[in-house]
Amino acid sequence: MPYPTPRPPAPNGPGRCPRCLQEVIWCITAANRVAFAVDPDRNPDGNQAVRQDHTGRWLTRQLTRERPSPENDEHLHMPHLKTCP
């Protein structure tokens, strides 16, 4: 093949954790545009502001000192890395 095979798209939307098989929501991070898993239930103690854009993609951003709370249609979720056994 003259070109490398294309990389598959990052998972996005409801799915499962490959390690513990619990349900997660795969989001795209605002900072690096990589796949990031969050727990599906809203959690006021979480630090990820999650929203779904007009195309149906799930997007997340970490709360920062400059933007410390959810905005518009964002909801707080816990990163799955914190709850994965």
# chains A, B, ... in the order shown; residues from 1 in each chain; ligands from 1
$ select_by_dssp --residues "chain A" --states "strand (DSSP E)" --output "ChimeraX atom specification"
/A:13-16,23-29,35-42,48-52,58-62,75-79
$ residues_around --residues "segment 40-50 of chain A" --least-positions-apart "3" --cutoff "12 Å" --atoms "only C-alpha atoms" --output "PDB file with C-alpha atoms, in the first residue's frame"
ATOM      1  CA  GLY A  13     -21.084   8.639  22.727  1.00  0.00           C
ATOM      2  CA  PRO A  14     -22.323   5.872  25.014  1.00  0.00           C
ATOM      3  CA  GLY A  15     -20.072   2.842  25.226  1.00  0.00           C
ATOM      4  CA  ARG A  16     -18.161   0.640  27.641  1.00  0.00           C
ATOM      5  CA  CYS A  17     -14.820   0.909  29.387  1.00  0.00           C
ATOM      6  CA  GLN A  22     -18.851  -0.425  32.899  1.00  0.00           C
ATOM      7  CA  GLU A  23     -20.995   1.968  30.893  1.00  0.00           C
ATOM      8  CA  VAL A  24     -19.298   5.279  30.028  1.00  0.00           C
ATOM      9  CA  ILE A  25     -19.784   8.206  27.683  1.00  0.00           C
ATOM     10  CA  TRP A  26     -16.884   8.676  25.285  1.00  0.00           C
ATOM     11  CA  CYS A  27     -16.266  12.391  24.741  1.00  0.00           C
ATOM     12  CA  ILE A  28     -13.800  14.439  22.754  1.00  0.00           C
ATOM     13  CA  THR A  29     -11.692  16.750  24.919  1.00  0.00           C
ATOM     14  CA  ALA A  30     -11.717  20.454  24.136  1.00  0.00           C
ATOM     15  CA  PHE A  36     -11.974  10.669  27.102  1.00  0.00           C
ATOM     16  CA  ALA A  37     -14.385   8.522  29.120  1.00  0.00           C
ATOM     17  CA  ASP A  53     -23.105  19.591  20.088  1.00  0.00           C
ATOM     18  CA  ARG A  57     -20.850  14.570  19.221  1.00  0.00           C
ATOM     19  CA  TRP A  58     -20.131  14.471  22.941  1.00  0.00           C
ATOM     20  CA  LEU A  59     -17.592  17.091  24.036  1.00  0.00           C
ATOM     21  CA  THR A  60     -15.926  17.663  27.403  1.00  0.00           C
ATOM     22  CA  ARG A  61     -13.719  20.249  29.027  1.00  0.00           C
ATOM     23  CA  GLN A  62     -12.109  20.252  32.427  1.00  0.00           C
ATOM     24  CA  LEU A  63     -13.181  22.983  34.817  1.00  0.00           C
ATOM     25  CA  THR A  64     -10.478  25.603  35.255  1.00  0.00           C
ATOM     26  CA  ARG A  65      -9.886  28.663  37.384  1.00  0.00           C
ATOM     27  CA  ARG A  67     -14.092  28.781  33.746  1.00  0.00           C
ATOM     28  CA  PRO A  68     -14.964  27.132  37.095  1.00  0.00           C
ATOM     29  CA  SER A  69     -18.577  26.138  36.454  1.00  0.00           C
ATOM     30  CA  PRO A  70     -20.711  24.564  33.699  1.00  0.00           C
ATOM     31  CA  GLU A  71     -21.910  26.942  30.993  1.00  0.00           C
ATOM     32  CA  ASN A  72     -25.065  26.903  28.859  1.00  0.00           C
ATOM     33  CA  ASP A  73     -26.009  23.269  28.160  1.00  0.00           C
ATOM     34  CA  GLU A  74     -23.065  21.627  29.986  1.00  0.00           C
ATOM     35  CA  HIS A  75     -23.482  19.169  32.853  1.00  0.00           C
ATOM     36  CA  LEU A  76     -20.936  17.965  35.404  1.00  0.00           C
ATOM     37  CA  HIS A  77     -19.694  14.393  35.136  1.00  0.00           C
ATOM     38  CA  MET A  78     -16.963  12.453  36.921  1.00  0.00           C
ATOM     39  CA  PRO A  79     -13.988  11.228  34.839  1.00  0.00           C
ATOM     40  CA  HIS A  80     -14.185   7.453  34.560  1.00  0.00           C
ATOM     41  CA  LEU A  81     -10.488   7.212  35.424  1.00  0.00           C
ATOM     42  CA  LYS A  82     -11.411   8.116  39.022  1.00  0.00           C
ATOM     43  CA  THR A  83     -14.083   5.413  39.378  1.00  0.00           C
TER      44      THR A  83
END
$ select_by_dssp --residues "segment 1-84 of chain A" --states "alpha helix (DSSP H)" --output "list in words"
His80, Leu81, Lys82 and Thr83 of chain A
$ atom_distance --atom1 "atom CA of Ala31 of chain A" --atom2 "atom CA of Gly56 of chain A"
18.8 Å
$ closest_residue --among "A:Val34, A:Asp39, A:Arg51, A:Tyr3" --to "Leu21 of chain A" --atoms "only C-alpha atoms"
A:Asp39
$ atom_distance --atom1 "atom CA of Asn32 of chain A" --atom2 "atom CA of Pro2 of chain A"
28.8 Å
$ atom_distance --atom1 "atom CA of Pro18 of chain A" --atom2 "atom CA of Val38 of chain A"
13.0 Å
$ decode --residues "segment 30-42 of chain A" --atoms "all heavy atoms" --output "short mmCIF file (atom, residue, chain, number, x, y, z; two decimals), in the first residue's frame"
data_model
loop_
_atom_site.label_atom_id
_atom_site.label_comp_id
_atom_site.auth_asym_id
_atom_site.auth_seq_id
_atom_site.Cartn_x
_atom_site.Cartn_y
_atom_site.Cartn_z
N ALA A 30 -11.84 19.15 24.79
CA ALA A 30 -11.72 20.45 24.14
C ALA A 30 -10.25 20.83 23.93
O ALA A 30 -9.91 21.46 22.94
CB ALA A 30 -12.42 21.52 24.97
N ALA A 31 -9.39 20.41 24.84
CA ALA A 31 -7.99 20.82 24.77
C ALA A 31 -7.21 20.09 23.69
O ALA A 31 -6.52 20.70 22.88
CB ALA A 31 -7.32 20.60 26.13
N ASN A 32 -7.31 18.76 23.65
CA ASN A 32 -6.45 17.97 22.75
C ASN A 32 -7.20 17.20 21.68
O ASN A 32 -6.58 16.53 20.87
CB ASN A 32 -5.62 16.97 23.57
CG ASN A 32 -4.74 17.65 24.57
OD1 ASN A 32 -4.33 18.79 24.37
ND2 ASN A 32 -4.46 16.99 25.68
N ARG A 33 -8.52 17.23 21.72
CA ARG A 33 -9.34 16.49 20.74
C ARG A 33 -9.05 14.99 20.75
O ARG A 33 -8.91 14.36 19.70
CB ARG A 33 -9.14 17.04 19.33
CG ARG A 33 -9.54 18.47 19.16
CD ARG A 33 -11.01 18.60 19.23
NE ARG A 33 -11.43 19.99 19.06
CZ ARG A 33 -12.58 20.44 19.50
NH1 ARG A 33 -13.41 19.66 20.11
NH2 ARG A 33 -12.91 21.69 19.33
N VAL A 34 -8.91 14.43 21.95
CA VAL A 34 -8.73 12.99 22.10
C VAL A 34 -9.93 12.40 22.84
O VAL A 34 -10.67 13.11 23.51
CB VAL A 34 -7.42 12.65 22.87
CG1 VAL A 34 -6.20 13.09 22.09
CG2 VAL A 34 -7.42 13.25 24.25
N ALA A 35 -10.11 11.10 22.72
CA ALA A 35 -11.23 10.43 23.38
C ALA A 35 -10.99 10.38 24.88
O ALA A 35 -9.88 10.13 25.35
CB ALA A 35 -11.38 9.02 22.82
N PHE A 36 -12.06 10.63 25.64
CA PHE A 36 -11.97 10.67 27.10
C PHE A 36 -13.28 10.11 27.65
O PHE A 36 -14.37 10.54 27.24
CB PHE A 36 -11.77 12.11 27.56
CG PHE A 36 -11.50 12.25 29.03
CD1 PHE A 36 -10.26 11.99 29.55
CD2 PHE A 36 -12.51 12.66 29.89
CE1 PHE A 36 -10.01 12.13 30.91
CE2 PHE A 36 -12.27 12.80 31.24
CZ PHE A 36 -11.02 12.54 31.75
N ALA A 37 -13.19 9.17 28.57
CA ALA A 37 -14.38 8.52 29.12
C ALA A 37 -14.83 9.21 30.41
O ALA A 37 -14.01 9.50 31.28
CB ALA A 37 -14.11 7.05 29.39
N VAL A 38 -16.14 9.47 30.51
CA VAL A 38 -16.73 10.00 31.74
C VAL A 38 -17.85 9.05 32.16
O VAL A 38 -18.42 8.32 31.34
CB VAL A 38 -17.28 11.43 31.56
CG1 VAL A 38 -16.17 12.40 31.22
CG2 VAL A 38 -18.38 11.49 30.53
N ASP A 39 -18.16 9.06 33.45
CA ASP A 39 -19.28 8.26 33.94
C ASP A 39 -20.58 8.81 33.36
O ASP A 39 -20.73 10.03 33.21
CB ASP A 39 -19.32 8.27 35.46
CG ASP A 39 -18.18 7.47 36.07
OD1 ASP A 39 -17.61 6.61 35.36
OD2 ASP A 39 -17.88 7.69 37.25
N PRO A 40 -21.56 7.95 33.05
CA PRO A 40 -22.77 8.42 32.39
C PRO A 40 -23.70 9.25 33.28
O PRO A 40 -24.47 10.06 32.78
CB PRO A 40 -23.45 7.14 31.92
CG PRO A 40 -22.89 6.07 32.76
CD PRO A 40 -21.52 6.50 33.17
N ASP A 41 -23.62 9.07 34.60
CA ASP A 41 -24.51 9.80 35.49
C ASP A 41 -23.92 11.16 35.82
O ASP A 41 -22.72 11.31 36.03
CB ASP A 41 -24.74 9.02 36.78
CG ASP A 41 -25.39 7.68 36.52
OD1 ASP A 41 -26.24 7.60 35.61
OD2 ASP A 41 -25.05 6.71 37.22
N ARG A 42 -24.80 12.17 35.89
CA ARG A 42 -24.35 13.50 36.29
C ARG A 42 -23.89 13.44 37.74
O ARG A 42 -24.45 12.73 38.55
CB ARG A 42 -25.48 14.51 36.13
CG ARG A 42 -25.88 14.70 34.69
CD ARG A 42 -27.02 15.64 34.57
NE ARG A 42 -27.47 15.71 33.18
CZ ARG A 42 -28.53 16.35 32.78
NH1 ARG A 42 -29.29 16.98 33.64
NH2 ARG A 42 -28.86 16.36 31.51
#
